[in-house]
Amino acid sequence: MNWKVLQREFFVVQIRSQIVRFFSGAPLLSTFLGVAALMAIFELVKELFFKGELTLWESHTITVFVTATFSTVAAYFIRQQADKLTTKAQAAHRKAAGIIQNIFDAVVIIDEKGTIKTFNPAAEKIFGYKEEDVKGLNVKILMPEPYAAEHDGYIEKYLNTNVSKILGKNRREVPGKRANGEIFPMDLITSQMRINERLMFIGVVRDITDYKNAEKELDRLREVEKQILENLQREVSIAAAIQANMIPKSSYLFPQHPQIKAFGVARPAKEMGGDFYDAFPIDDNHIVFVIGDVSGKGVPAALFMMETMALLRSKITKPKKFSSALVTINKLLCKNNETNMFVSLFVGLLNVMTGELRFINGGHNAPLLAHGNGRFDLLTVPINILLGVHEEAQYEVSSFQLEAGDTLVLYTDGVTEAVNDQQEFFSLERTIDVLTSTYADVKVLVHGLLNEITAFCGTQSQSDDITIFALQFNPDSVVSESPVFFEWSDNLSVGIEQIDEQHKTLIELINRLYVEMVSNDAEVETVEEILNELVHYTNVHFGFEERLLFDFGYRDIGTHGKYHDQLRNQLAKLQNKVIESKVSVNTELLGFVKRWLQHHIAIEDKRAFIDVRMKLGDETEGVKLEYQP
């Protein structure tokens, strides 16, 4: 049976089923009732009209003619309805035949024995068989092993259990087998139907060889892309290392000049950045320091930055040619600048013997200056045009006299424009406040500001390069004093000598840890040793304090203990980070410890021990408490 015969059988079944539906049930009953009603009306009219005057033969003859007329009319209407049904069925037949014959997907119909009954033109094209070659054969000739051997068992299981794994399911990928033995991937969806009470299975197949080949090619291209990216990443890492090596790395930048303490940090937002600082001597009495911010980010900015640094070192060689050197550098940066990049610069030329500072500000942020331990303020300076913008630009030199104890801080806009999770800027005002409140050695100053920025930003990723450079002028001092990170003051006293002494010990340990972490570049083992001592003593102090407050019946002992747990957790976090990551510099959490202790001692402890002193009957400060919990 080929697919045309199958279609014809399907057409006959459609006609028969529709006629059966027409002559059964409600349609047949309504027709019968209509004819019966008409015949009853006719008999009534006949009796009324003829009034029994007709003979039996005449009455029967009239009834026969009327019945024949009604039957003819009924037959006519039935024929009309049958013709309509036939026309609809023929249209459906042509539509189904057209779909099966012209569909791009292969249509294979088999019976309950797996015998192929229909094999449309698309199936011939996909599998490579002619319909007459495969009709009557088992469908497993279209399958590779082990599917071919298992297929008849699947049909038998379905006929016995009416449970199928694939029948009526979504399209799925299976292997097919062409006439030439080639195995190929195909999408298959299956369904079933009954024709003349015979169960038929319909399979619709789509050849996805081209799709799978394209998928493999895409995977290959992805792998090539991955290799290219890895190679590019290696090259970028090398370039980043070269760039990083161009920026000075020593603890202090001018060890040959003890009256000068200079230190800087550059932290790019990406692996390579456009921010930089540099510092170098040009003779025995003059040093040059510079900070710059190249437009853009990433590799292009880094290349322009390295070009700028090379020009600065090669052109600024004599104090008398300071101004002309910047003019020359600008012209060279403008030349062949097809990317239209530019750089802001603050370049200082300092006489280390006299403190005379000559400088040029090429469109950069004004520096911050503090006299001694005073507040940092903006140093008002003339601003020249950016370098790399206008080839004929001229640059005005300004001068300033540094005094003993003066500190100069240079920075890029990545400092003031750092953003936190609430989209707030770190701001110039906050920068000044942080520098003023943590005034110390330049190294501590720079790291302190950087750590405050990190803490401020929280989980917000760094969006711009950050560079900070600080310089202190101390002509009469060769060795700077050790910085004090956390200083004890009388306003931290709680009025009980034992507690005050323990607080002072905690502060001393925090200061030791900070000095080792930030100023001395201590080994991890040294930092870990001090940190362990701090954690141990904190637990000892908190235990002593909590037992004392409990023994004196402090009403908020529970809340006070929870505050202590906060610090214990933060110290444990700091301790684990140092131990696990082997990172010695981590001032962010240490800054939290400082701020926590300042607040806790000044507020919570004072409140608690006022209550204790009241119960001792002595409200004076400095109670000598003889107490061993």
# chains A, B, ... in the order shown; residues from 1 in each chain; ligands from 1
$ residues_around --residues "range 450-464 of chain A" --least-positions-apart "4" --cutoff "8 Å" --atoms "only C-alpha atoms" --output "NGL selection string"
:A and (268-269 or 297 or 414-415 or 418-421 or 426 or 434 or 446 or 587-588)
$ write_last_selection --atoms "C-alpha atoms" --output "PDB file, in the first residue's frame"
ATOM      1  CA  PRO A 268      44.244  50.555  38.158  1.00  0.00           C
ATOM      2  CA  ALA A 269      40.554  49.770  37.685  1.00  0.00           C
ATOM      3  CA  LYS A 297      41.131  53.153  30.494  1.00  0.00           C
ATOM      4  CA  GLY A 414      39.495  58.190  40.916  1.00  0.00           C
ATOM      5  CA  VAL A 415      39.882  59.165  44.591  1.00  0.00           C
ATOM      6  CA  ALA A 418      34.936  56.669  43.933  1.00  0.00           C
ATOM      7  CA  VAL A 419      31.315  55.505  44.296  1.00  0.00           C
ATOM      8  CA  ASN A 420      29.661  53.423  47.013  1.00  0.00           C
ATOM      9  CA  ASP A 421      26.595  51.163  46.873  1.00  0.00           C
ATOM     10  CA  PHE A 426      33.844  59.770  48.114  1.00  0.00           C
ATOM     11  CA  VAL A 434      40.453  61.509  56.119  1.00  0.00           C
ATOM     12  CA  VAL A 446      48.578  57.125  51.544  1.00  0.00           C
ATOM     13  CA  THR A 587      43.992  47.869  57.204  1.00  0.00           C
ATOM     14  CA  GLU A 588      40.327  47.951  56.207  1.00  0.00           C
TER      15      GLU A 588
END
$ residues_around --residues "range 529-534 of chain A" --least-positions-apart "5" --cutoff "8 Å" --atoms "only C-alpha atoms" --output "ChimeraX atom specification"
/A:506,509-510,512-513,575
$ closest_atom_pairs --of "range 254-305 of chain A" --to "range 312-316 of chain A" --cutoff "9 Å" --atoms "only C-alpha atoms" --output "Markdown table"
| residue | atom | partner | partner_atom | distance |
| --- | --- | --- | --- | --- |
| A:Phe280 | CA | A:Arg313 | CA | 7.9 |
| A:Ile282 | CA | A:Ile316 | CA | 7.7 |
| A:Val288 | CA | A:Ile316 | CA | 8.2 |
| A:Val290 | CA | A:Leu312 | CA | 8.8 |
$ residues_around --residues "Gly363 in chain A" --least-positions-apart "3" --cutoff "10 Å" --atoms "only C-alpha atoms" --output "JSON list (two decimals) with C-alpha atoms, in the first residue's frame"
[["chain", "number", "residue", "atom", "x", "y", "z"],
["A", 292, "GLY", "CA", 49.06, 62.00, 35.68],
["A", 293, "ASP", "CA", 45.68, 60.78, 34.48],
["A", 343, "VAL", "CA", 46.65, 63.50, 29.79],
["A", 344, "SER", "CA", 46.33, 65.75, 32.82],
["A", 345, "LEU", "CA", 49.61, 66.31, 34.68],
["A", 346, "PHE", "CA", 50.87, 67.93, 37.83],
["A", 360, "ILE", "CA", 53.18, 73.16, 36.29],
["A", 366, "ALA", "CA", 44.86, 70.93, 42.57],
["A", 382, "PRO", "CA", 47.01, 78.24, 37.95],
["A", 383, "ILE", "CA", 45.66, 75.54, 35.65],
["A", 384, "ASN", "CA", 47.14, 75.09, 32.17],
["A", 385, "ILE", "CA", 45.66, 73.16, 29.25],
["A", 386, "LEU", "CA", 45.77, 69.36, 29.16],
["A", 387, "LEU", "CA", 48.73, 67.81, 27.34]]
$ closest_residue --among "A:Leu218, A:Ala608, A:Leu597, A:Val494" --to "Phe552 in chain A" --atoms "only C-alpha atoms"
A:Ala608
$ residues_around --residues "Val299 in chain A" --least-positions-apart "4" --cutoff "12 Å" --atoms "only C-alpha atoms" --output "mmCIF file with N, CA and C atoms, in the first residue's frame"
data_model
loop_
_atom_site.group_PDB
_atom_site.id
_atom_site.type_symbol
_atom_site.label_atom_id
_atom_site.label_comp_id
_atom_site.auth_asym_id
_atom_site.auth_seq_id
_atom_site.Cartn_x
_atom_site.Cartn_y
_atom_site.Cartn_z
ATOM 1 N N LEU A 232 45.918 36.617 24.268
ATOM 2 C CA LEU A 232 45.830 38.062 24.464
ATOM 3 C C LEU A 232 45.967 38.415 25.939
ATOM 4 N N GLN A 233 45.351 37.580 26.796
ATOM 5 C CA GLN A 233 45.443 37.836 28.234
ATOM 6 C C GLN A 233 46.881 37.727 28.713
ATOM 7 N N GLU A 235 49.515 38.300 26.905
ATOM 8 C CA GLU A 235 50.227 39.479 26.411
ATOM 9 C C GLU A 235 49.874 40.718 27.225
ATOM 10 N N VAL A 236 48.581 40.826 27.588
ATOM 11 C CA VAL A 236 48.167 41.967 28.417
ATOM 12 C C VAL A 236 48.831 41.894 29.782
ATOM 13 N N SER A 237 48.948 40.678 30.338
ATOM 14 C CA SER A 237 49.595 40.525 31.642
ATOM 15 C C SER A 237 51.057 40.939 31.573
ATOM 16 N N ILE A 238 51.709 40.577 30.482
ATOM 17 C CA ILE A 238 53.106 40.992 30.311
ATOM 18 C C ILE A 238 53.197 42.507 30.212
ATOM 19 N N ALA A 239 52.288 43.091 29.403
ATOM 20 C CA ALA A 239 52.282 44.551 29.263
ATOM 21 C C ALA A 239 51.977 45.226 30.595
ATOM 22 N N ALA A 240 51.049 44.628 31.372
ATOM 23 C CA ALA A 240 50.711 45.198 32.679
ATOM 24 C C ALA A 240 51.908 45.148 33.616
ATOM 25 N N GLN A 243 54.237 47.858 32.583
ATOM 26 C CA GLN A 243 53.715 49.146 33.043
ATOM 27 C C GLN A 243 53.933 49.315 34.538
ATOM 28 N N PRO A 268 45.092 50.446 39.358
ATOM 29 C CA PRO A 268 44.244 50.555 38.158
ATOM 30 C C PRO A 268 42.901 49.874 38.340
ATOM 31 N N ALA A 269 41.881 50.390 37.635
ATOM 32 C CA ALA A 269 40.554 49.770 37.685
ATOM 33 C C ALA A 269 40.543 48.465 36.900
ATOM 34 N N LYS A 270 41.336 48.402 35.831
ATOM 35 C CA LYS A 270 41.483 47.191 35.041
ATOM 36 C C LYS A 270 42.913 46.692 35.210
ATOM 37 N N GLU A 271 43.265 45.642 34.454
ATOM 38 C CA GLU A 271 44.611 45.103 34.596
ATOM 39 C C GLU A 271 45.653 46.142 34.224
ATOM 40 N N MET A 272 45.323 46.984 33.267
ATOM 41 C CA MET A 272 46.200 48.085 32.888
ATOM 42 C C MET A 272 45.413 49.380 33.003
ATOM 43 N N GLY A 273 46.095 50.436 33.410
ATOM 44 C CA GLY A 273 45.397 51.698 33.622
ATOM 45 C C GLY A 273 46.119 52.871 33.001
ATOM 46 N N GLY A 274 45.514 54.053 33.168
ATOM 47 C CA GLY A 274 46.084 55.277 32.610
ATOM 48 C C GLY A 274 46.594 56.238 33.658
ATOM 49 N N ASP A 275 46.347 55.937 34.950
ATOM 50 C CA ASP A 275 46.887 56.772 36.030
ATOM 51 C C ASP A 275 48.340 56.390 36.298
ATOM 52 N N VAL A 294 45.555 59.719 32.311
ATOM 53 C CA VAL A 294 45.316 59.654 30.865
ATOM 54 C C VAL A 294 43.831 59.430 30.616
ATOM 55 N N SER A 295 43.307 60.037 29.556
ATOM 56 C CA SER A 295 41.901 59.822 29.193
ATOM 57 C C SER A 295 41.685 58.356 28.831
ATOM 58 N N LEU A 303 49.208 52.500 27.161
ATOM 59 C CA LEU A 303 50.246 52.802 26.173
ATOM 60 C C LEU A 303 50.549 54.294 26.134
ATOM 61 N N PHE A 304 49.512 55.120 26.174
ATOM 62 C CA PHE A 304 49.708 56.576 26.178
ATOM 63 C C PHE A 304 50.403 57.006 27.471
ATOM 64 N N MET A 305 50.064 56.358 28.561
ATOM 65 C CA MET A 305 50.695 56.658 29.853
ATOM 66 C C MET A 305 52.186 56.332 29.820
ATOM 67 N N MET A 306 52.560 55.170 29.260
ATOM 68 C CA MET A 306 53.972 54.793 29.203
ATOM 69 C C MET A 306 54.759 55.736 28.298
#
$ residues_around --residues "Lys125 in chain A" --least-positions-apart "2" --cutoff "12 Å" --atoms "only C-alpha atoms" --output "list of chain:residue names"
A:Asn102, A:Ile103, A:Phe104, A:Asp105, A:Ala106, A:Val107, A:Phe119, A:Asn120, A:Pro121, A:Ala122, A:Ala123, A:Phe127, A:Gly128, A:Tyr129, A:Lys130, A:Glu131, A:Arg178, A:Ala179, A:Val205, A:Arg206, A:Asp207
$ closest_residue --among "A:Tyr395, A:Phe49, A:Tyr158, A:Phe486" --to "Leu199 in chain A" --atoms "only C-alpha atoms"
A:Tyr158
$ select_by_dssp --residues "range 259-456 of chain A" --states "alpha helix (DSSP H)" --output "PyMOL selection string"
chain A and resi 298-315+322-334+413-416+428-437+442-456
$ closest_residue --among "A:Phe609, A:Phe425, A:Tyr537, A:Tyr211" --to "Pro185 in chain A" --atoms "only C-alpha atoms"
A:Tyr211
$ atom_distance --atom1 "CA of Thr431 in chain A" --atom2 "CA of Phe485 in chain A"
17.4 Å
